[in-house]
Each structure stands twice: as C-alpha cells, then as structure tokens.
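> File coords34.cif follows (mmCIF, C-alpha atoms):
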```
data_structure
#
loop_
_atom_site.label_atom_id
_atom_site.label_comp_id
_atom_site.auth_asym_id
_atom_site.auth_seq_id
_atom_site.Cartn_x
_atom_site.Cartn_y
_atom_site.Cartn_z
CA MET Y 1 -30.36 -64.66 12.80
CA SER Y 2 -26.78 -65.96 12.99
CA GLU Y 3 -23.72 -63.77 12.54
CA GLU Y 4 -22.93 -65.50 9.19
CA GLU Y 5 -26.33 -64.49 7.81
CA GLU Y 6 -25.95 -60.80 8.81
CA ASP Y 7 -25.31 -58.34 5.93
CA ASP Y 8 -21.91 -56.74 5.60
CA TYR Y 9 -22.55 -53.01 5.70
CA MET Y 10 -18.99 -52.31 4.49
CA SER Y 11 -19.48 -54.11 1.16
CA LEU Y 12 -20.28 -52.45 -2.18
CA LYS Y 13 -23.71 -54.03 -2.20
CA PHE Y 14 -25.38 -51.09 -0.50
CA LEU Y 15 -23.55 -48.50 -2.63
CA GLU Y 16 -24.59 -50.24 -5.83
CA GLY Y 17 -28.15 -50.43 -4.57
CA ALA Y 18 -28.17 -46.72 -3.76
CA GLN Y 19 -26.80 -45.83 -7.21
CA GLU Y 20 -29.42 -48.04 -8.88
CA PHE Y 21 -32.17 -46.39 -6.83
CA GLU Y 22 -30.88 -42.91 -7.72
CA SER Y 23 -30.82 -43.74 -11.45
CA LYS Y 24 -34.41 -45.06 -11.38
CA ARG Y 25 -35.76 -42.21 -9.25
CA GLN Y 26 -37.71 -39.65 -11.23
CA GLU Y 27 -36.69 -36.01 -10.90
CA THR Y 28 -39.14 -33.67 -9.25
CA TYR Y 29 -40.52 -30.64 -11.07
CA SER Y 30 -38.32 -28.21 -9.09
CA GLU Y 31 -35.17 -30.26 -9.88
CA ARG Y 32 -36.02 -30.36 -13.60
CA ARG Y 33 -36.75 -26.62 -13.57
CA LYS Y 34 -33.40 -25.81 -11.88
CA LYS Y 35 -31.54 -27.99 -14.36
CA GLN Y 36 -33.32 -26.34 -17.28
CA LEU Y 37 -32.53 -22.84 -15.98
CA ARG Y 38 -28.88 -23.78 -15.43
CA LEU Y 39 -28.57 -25.04 -19.02
CA GLN Y 40 -30.20 -21.87 -20.34
CA GLN Y 41 -27.78 -19.70 -18.36
CA GLU Y 42 -24.79 -21.67 -19.68
CA LYS Y 43 -26.00 -21.25 -23.28
CA ALA Y 44 -26.75 -17.55 -22.85
CA TYR Y 45 -23.43 -16.78 -21.12
CA ILE Y 46 -21.05 -14.86 -23.40
CA LYS Y 47 -17.44 -15.25 -22.44
CA PRO Y 48 -15.28 -12.11 -22.30
CA ARG Y 49 -12.99 -11.46 -25.24
CA ALA Y 50 -9.85 -11.89 -23.11
CA GLN Y 51 -11.04 -15.31 -21.92
CA LEU Y 52 -11.86 -16.43 -25.49
CA GLU Y 53 -8.44 -15.29 -26.71
CA GLN Y 54 -6.71 -17.14 -23.87
CA GLU Y 55 -8.64 -20.35 -24.55
CA GLU Y 56 -7.89 -20.21 -28.30
CA ARG Y 57 -4.23 -19.51 -27.62
CA GLU Y 58 -3.90 -22.43 -25.20
CA LYS Y 59 -5.75 -24.69 -27.61
CA GLY Y 60 -3.43 -23.70 -30.45
CA LEU Y 61 -0.30 -24.20 -28.34
CA GLN Y 62 -1.44 -27.66 -27.22
CA THR Y 63 -2.18 -28.77 -30.79
CA SER Y 64 0.85 -30.08 -32.65
CA VAL Y 65 1.40 -29.28 -36.33
CA ASP Y 66 0.09 -32.14 -38.49
CA GLU Y 67 1.19 -33.34 -41.92
CA SER Y 68 -1.46 -31.28 -43.70
CA ASN Y 69 0.41 -28.09 -42.76
CA LYS Y 70 2.39 -26.62 -45.69
CA GLY Y 71 5.41 -25.91 -43.54
CA MET Y 72 5.41 -29.47 -42.20
CA LYS Y 73 5.17 -30.85 -45.75
CA MET Y 74 8.24 -28.84 -46.80
CA LEU Y 75 10.21 -30.02 -43.76
CA MET Y 76 9.26 -33.67 -44.36
CA LYS Y 77 10.45 -33.42 -47.97
CA MET Y 78 13.84 -32.33 -46.61
CA GLY Y 79 14.00 -35.37 -44.30
CA PHE Y 80 12.39 -34.03 -41.16
CA LYS Y 81 10.43 -36.47 -39.02
CA LYS Y 82 8.02 -35.86 -36.18
CA GLY Y 83 9.73 -35.79 -32.81
CA MET Y 84 13.01 -34.52 -34.25
CA GLY Y 85 14.58 -31.22 -33.23
CA LEU Y 86 15.36 -28.47 -35.74
CA GLY Y 87 19.09 -28.51 -36.43
CA GLN Y 88 21.76 -30.07 -34.27
CA GLY Y 89 20.58 -30.19 -30.68
CA GLY Y 90 17.49 -28.16 -31.59
CA ILE Y 91 14.42 -27.95 -29.40
CA VAL Y 92 11.57 -30.40 -29.92
CA GLU Y 93 8.84 -28.46 -28.15
CA PRO Y 94 8.04 -24.89 -29.27
CA ILE Y 95 9.00 -21.96 -27.08
CA LYS Y 96 6.24 -21.24 -24.57
CA VAL Y 97 4.39 -17.98 -24.99
CA ASP Y 98 4.74 -15.60 -22.06
CA LEU Y 99 1.92 -13.12 -22.51
CA LYS Y 100 3.02 -9.61 -21.60
CA ALA Y 101 0.59 -7.50 -19.56
CA GLY Y 102 0.81 -3.74 -19.19
CA ARG Y 103 2.39 -1.08 -21.38
CA SER Y 104 5.97 -1.19 -20.13
CA GLY Y 105 8.76 -1.78 -22.64
CA ILE Y 106 10.27 -5.15 -23.49
CA GLY Y 107 12.69 -6.22 -20.78
CA MET Y 108 11.23 -3.85 -18.19
CA GLU Y 109 9.65 -6.67 -16.17
CA SER Y 110 12.99 -8.49 -15.86
CA GLU Y 111 14.63 -5.21 -14.85
CA LEU Y 112 12.00 -4.62 -12.16
CA ARG Y 113 12.48 -8.17 -10.87
CA LYS Y 114 16.23 -7.57 -10.78
CA ARG Y 115 15.80 -4.36 -8.79
CA ALA Y 116 13.41 -6.03 -6.35
CA ARG Y 117 15.90 -8.88 -5.87
CA GLU Y 118 18.74 -6.42 -5.25
CA GLU Y 119 16.65 -4.54 -2.70
CA GLU Y 120 15.81 -7.79 -0.91
CA GLU Y 121 19.49 -8.74 -0.84
CA GLU Y 122 20.40 -5.30 0.53
CA GLU Y 123 17.76 -5.57 3.25
CA ALA Y 124 18.96 -9.08 4.11
CA ARG Y 125 22.56 -7.84 4.31
CA LYS Y 126 21.54 -5.01 6.65
CA ARG Y 127 19.65 -7.43 8.88
CA VAL Y 128 22.72 -9.65 9.09
CA ASP Y 129 25.10 -6.77 9.87
CA ILE Y 130 22.92 -5.17 12.57
CA ASP Y 131 22.32 -6.92 15.85
CA PRO Y 132 18.57 -7.62 16.27
CA GLU Y 133 18.46 -5.90 19.67
CA ASN Y 134 20.32 -2.83 18.36
CA TYR Y 135 18.04 -2.77 15.30
CA ARG Y 136 14.94 -2.69 17.51
CA LEU Y 137 16.43 0.12 19.60
CA ILE Y 138 17.32 2.12 16.47
CA MET Y 139 13.82 1.72 15.00
CA ALA Y 140 12.20 2.63 18.34
CA GLN Y 141 14.34 5.78 18.61
CA LYS Y 142 13.55 6.66 15.00
CA ALA Y 143 9.81 6.39 15.67
CA LYS Y 144 10.19 8.48 18.83
CA ASP Y 145 12.11 11.20 16.94
CA GLN Y 146 9.43 11.30 14.25
CA GLN Y 147 6.76 11.77 16.95
CA TYR Y 148 8.76 14.58 18.58
CA THR Y 149 9.19 16.23 15.17
CA ARG Y 150 5.41 16.21 14.65
CA TYR Y 151 4.88 17.67 18.14
CA ILE Y 152 7.47 20.43 17.55
CA THR Y 153 5.89 21.36 14.21
CA ALA Y 154 2.47 21.69 15.87
CA ALA Y 155 3.88 23.60 18.88
CA VAL Y 156 5.73 26.11 16.67
CA SER Y 157 2.57 26.69 14.61
CA ILE Y 158 0.57 27.41 17.79
CA CYS Y 159 3.36 29.65 19.06
CA GLU Y 160 3.40 31.66 15.80
CA LYS Y 161 -0.39 32.02 15.86
CA LEU Y 162 -0.55 33.25 19.46
CA ASP Y 163 2.42 35.58 18.97
CA GLU Y 164 0.81 37.15 15.89
CA GLU Y 165 -2.46 37.60 17.79
CA ASN Y 166 -0.50 39.47 20.47
CA GLU Y 167 1.47 41.51 17.90
CA VAL Y 168 4.77 39.73 18.57
CA LYS Y 169 6.75 40.24 15.35
CA SER Y 170 9.57 37.80 16.02
CA ASN Y 171 10.40 34.90 18.29
CA ILE Y 172 13.57 32.82 18.31
CA LEU Y 173 11.47 29.73 19.03
CA TRP Y 174 10.01 30.01 15.52
CA THR Y 175 13.38 28.85 14.19
CA LEU Y 176 12.75 25.40 15.70
CA LYS Y 177 10.15 24.56 13.07
CA PRO Y 178 11.45 21.45 11.22
CA ILE Y 179 12.00 21.75 7.47
CA GLN Y 180 10.28 19.01 5.51
CA PRO Y 181 12.64 17.11 3.10
CA ALA Y 182 10.39 17.78 0.11
CA ALA Y 183 10.39 21.50 0.86
CA GLU Y 184 14.17 21.97 1.16
CA GLU Y 185 14.58 23.17 -2.43
CA GLU Y 186 11.65 25.58 -2.05
CA GLU Y 187 13.23 26.84 1.18
CA GLU Y 188 16.50 27.58 -0.64
CA GLU Y 189 14.67 29.47 -3.38
CA GLU Y 190 12.73 31.48 -0.78
CA GLU Y 191 15.98 32.36 1.01
CA LYS Y 192 17.50 33.66 -2.23
CA GLU Y 193 14.40 35.76 -2.91
CA LYS Y 194 14.52 37.14 0.65
CA GLU Y 195 18.16 38.13 0.22
CA LYS Y 196 17.31 40.06 -2.92
CA GLU Y 197 14.41 41.81 -1.21
CA GLU Y 198 16.60 42.77 1.73
CA GLU Y 199 19.16 44.34 -0.58
CA GLU Y 200 16.47 46.30 -2.42
CA LEU Y 201 14.60 47.43 0.70
CA GLU Y 202 17.48 48.67 2.84
CA THR Y 203 15.54 51.72 4.03
CA GLU Y 204 12.62 49.70 5.35
CA GLU Y 205 12.41 48.26 8.83
CA LYS Y 206 14.01 44.83 9.15
CA GLU Y 207 12.98 42.03 11.45
CA PRO Y 208 15.38 41.49 14.34
CA ILE Y 209 18.03 38.95 13.43
CA TYR Y 210 19.13 36.64 16.22
CA PRO Y 211 22.84 35.82 16.63
CA GLU Y 212 23.75 32.73 14.69
CA GLU Y 213 25.46 31.22 17.75
CA LEU Y 214 22.26 31.54 19.78
CA VAL Y 215 20.13 29.93 17.04
CA GLU Y 216 22.61 27.07 16.62
CA LYS Y 217 22.71 26.53 20.37
CA LEU Y 218 18.91 26.31 20.45
CA LYS Y 219 18.80 23.88 17.52
CA SER Y 220 21.58 21.75 19.03
CA LEU Y 221 19.23 20.78 21.86
CA SER Y 222 17.64 17.36 21.68
CA LEU Y 223 14.15 17.12 20.20
CA GLU Y 224 12.74 16.44 23.64
CA GLN Y 225 14.38 19.59 25.05
CA GLN Y 226 13.19 21.70 22.09
CA LEU Y 227 9.61 20.54 22.69
CA GLU Y 228 9.94 21.22 26.39
CA ALA Y 229 11.08 24.81 25.66
CA LEU Y 230 8.08 25.40 23.38
CA VAL Y 231 5.58 23.88 25.82
CA SER Y 232 7.00 25.96 28.70
CA TYR Y 233 6.83 29.16 26.64
CA LEU Y 234 3.18 28.55 25.75
CA ARG Y 235 2.27 27.82 29.37
CA GLU Y 236 4.11 30.73 30.93
CA THR Y 237 3.30 33.37 28.30
CA TYR Y 238 -0.21 32.51 27.11
CA HIS Y 239 -1.45 30.03 29.75
CA TYR Y 240 -1.84 27.52 26.91
CA CYS Y 241 -1.40 23.79 27.53
CA PHE Y 242 -0.06 21.99 24.48
CA TRP Y 243 -1.22 18.59 25.76
CA CYS Y 244 -4.74 19.79 26.68
CA ARG Y 245 -4.96 21.74 23.40
CA ALA Y 246 -6.64 24.49 25.40
CA LYS Y 247 -5.98 28.07 26.51
CA TYR Y 248 -6.82 28.92 30.11
CA ASN Y 249 -7.92 32.26 31.50
CA ASP Y 250 -4.94 32.78 33.82
CA LYS Y 251 -2.18 30.95 35.70
CA GLU Y 252 -4.51 29.99 38.54
CA ASP Y 253 -7.00 28.48 36.09
CA LEU Y 254 -4.16 26.63 34.34
CA ASP Y 255 -2.70 25.22 37.57
CA SER Y 256 -6.06 24.09 38.95
CA ASN Y 257 -7.58 22.54 35.79
CA CYS Y 258 -4.58 21.26 33.80
CA PRO Y 259 -3.48 17.73 34.83
CA GLY Y 260 0.22 18.56 34.50
CA THR Y 261 3.11 19.69 32.35
CA GLU Y 262 3.98 16.30 30.85
CA GLU Y 263 2.25 14.22 28.17
CA ASP Y 264 1.94 11.27 30.55
CA ASP Y 265 -0.06 13.45 32.96
CA HIS Y 266 -2.79 13.73 30.35
#
```
Take the structure I supplied and represent it as structure tokens, if you would.


Amino acid sequence: MSEEEEDDYMSLKFLEGAQEFESKRQETYSERRKKQLRLQQEKAYIKPRAQLEQEEREKGLQTSVDESNKGMKMLMKMGFKKGMGLGQGGIVEPIKVDLKAGRSGIGMESELRKRAREEEEEEARKRVDIDPENYRLIMAQKAKDQQYTRYITAAVSICEKLDEENEVKSNILWTLKPIQPAAEEEEEEEEKEKEKEEEELETEEKEPIYPEELVEKLKSLSLEQQLEALVSYLRETYHYCFWCRAKYNDKEDLDSNCPGTEEDDH
C-alpha cells in the first residue's frame, strides 16, 4: 500500500465513525438500570427551601418587566420606552439585591469591614515602622517571657503547696506569683476586703508583712532570675526538682539522680 492510500488518523473520519457507532450501540441492562435510577433520584429530590428561594429570586431579577405589567403600562402612557432610564441620568438596570445573612443590624457589615480594614492598615503601618530583624527579636523575647511567666506560676504553686504541708505560714517567694490580666479587678476587690478584715480583727494574729522595699527588690529581678530563685529554694529546702517534677528523699538522692539544675540538663 502506497503512502497516498494510507488513512489519515488525524482526520475527523474516525471521530465521526466512533460517534456513529456509539449512537447505534444498544445500551446494556446495567446501563439502562443506572440511567433509570438516576432519573428517579432526580425526580424524587426535594430542593431545600433556601435553594428554591434563591433560584426564584435570581429568575425574577433576570426577567425584565414586560408590557403586560400594570406599572409598565402606566409608564409607557407617560412616554417611557424600554431601555430608557427613570428621570434625568437615571439607572437603566435595577439595583442588585444584596441578600443580608445573619441577625446584625443594617450597616453593621460595612462597619465590621471598615474596622477590619483599619486593623489591617494599623498592622501594615507597624510592620513598616519596625525593622524586620528587631520585630523578630521582640516577638522572640515576648514568647520567652510568656514561657518564664508560666514556669514562675507553676513554681510558686508548688512552693505554696510544699510550704503548707510543712506548716510554713508565709514565704516572700509567694509574692512572685504573676497576676493574670483578667483577674486584676478581682485582686483589687480582694485587697479592699482584706483591709477591712484587718481593721476589724486587730486583736487576732496577723501574717508577717515583708518590707515593701524587699518585695520590690525581689520583683525587680528579671523573670529568669525570679525562676532561678524559686527553683533553688525548692531544691535546697525540699529536695524537689522543678524540671524533673519530682521530690527526692534527700540531697544525696537529688544530686545522684537529678540530671542538673538547668532546664537544658533535662
């Protein structure tokens, strides 16, 4: 067979032949059954009310008002023609419906968008003003301080528990416990109540009050130094390792079984 007589496999001849074969081919029983079941499911499917309302609304908005409409008849009697705007420079297309979701008041969504935009602008302004390297250092230090604060809170709680078990009524290290921001108001109210109780119960025994200068000096230490003071107190007084979360029998047991005094040792 010469090259001229060979069929061109890139022509539409084969595609047309395949389509003709597909149209003549009889469907198998399983194909007919699947098609029948699919049609039954489509007929039996009941659309949700919200979907039906949306479809009717879109259909109504896409359908222009015809001449049979009473309002259109009145406008046409006054000289209005299709395609014209209402009044001088009036709109031709109707105002699009923006369906409101939720129960917030009218205008609340635009207000929320405005606030979000202002917050984004403020964040962008801060990023521009702060050097990227300094910003990373600030965020790293902030995360480190938050971790130290959590450690100090836990260490003070352990210190209070062990002191109470050993009948220690007061410890200046208890004053290092951080005050949570949400509990500041409650703390103020508790202080006022304590003051009243102290005035009323003058004859009763009072807890030892530490000099304000000493407390301020202790609190002026860095968070790392405050934690170090608490960890040292627990080790030396109760043979308790804050990093092991364990209490040892004695100093010898602590020194031989505890990996070290620092977090990195554990």

> Evaluate the PyMOL selection byres ((chain Y and resi 221-230) around 8) and record the selected residues as a list of chain:residue names, following the chain and residue labels used in the document.

Y:Asp145, Y:Tyr148, Y:Thr149, Y:Tyr151, Y:Ile152, Y:Ala155, Y:Val156, Y:Cys159, Y:Leu173, Y:Leu176, Y:Lys217, Y:Leu218, Y:Lys219, Y:Ser220, Y:Val231, Y:Ser232, Y:Tyr233, Y:Leu234

> Which distance in Å separates atom CA of Arg235 of chain Y and atom CA of Thr261 of chain Y, to one decimal?

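If I compute the distance from atom CA of Arg235 of chain Y to atom CA of Thr261 of chain Y, I get 8.7 Å.
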
> Excluding Val97 of chain Y and its own-chain neighbours fewer than 4 positions away, which residues fall within 10 Å of it when counting all atoms listed in the file? Please give them as a count of residues only.

3

> Which is closer to Ser170 of chain Y than all the others in Y:Ala140, Y:Phe80, Y:Met74, Y:Ile209, using all atoms listed in the file?

Y:Ile209

> What is the distance between atom CA of Lys251 of chain Y and atom CA of His239 of chain Y, in Å to one decimal?

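Going from atom CA of Lys251 of chain Y over to atom CA of His239 of chain Y covers 6.1 Å.
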
> Please, what distance in Å, to one decimal, runs between atom CA of Lys73 of chain Y and atom CA of Ile95 of chain Y?

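Those two atoms sit 21.0 Å apart.
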
> Write out as a list in words which residues come within 12 Å of Gly83 of chain Y when counting only C-alpha atoms, dropping same-chain ones fewer than 5 positions away.

Ser64, Val65, Asp66, Met76, Gly90, Ile91, Val92, Glu93 and Pro94 of chain Y

> Can you work out which one of Y:Arg38, Y:Lys142, Y:Arg32, Y:Lys96 has the shortest atom-to-atom distance to Gly60 of chain Y, counting only C-alpha atoms?

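Among the listed residues, the smallest separation from Gly60 of chain Y belongs to Y:Lys96.
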
> Written as a ChimeraX atom specification, which residues does the PyMOL selection byres ((chain Y and resi 257) around 12) give for the file shown?

/Y:239-241,244,246-256,258-261,266
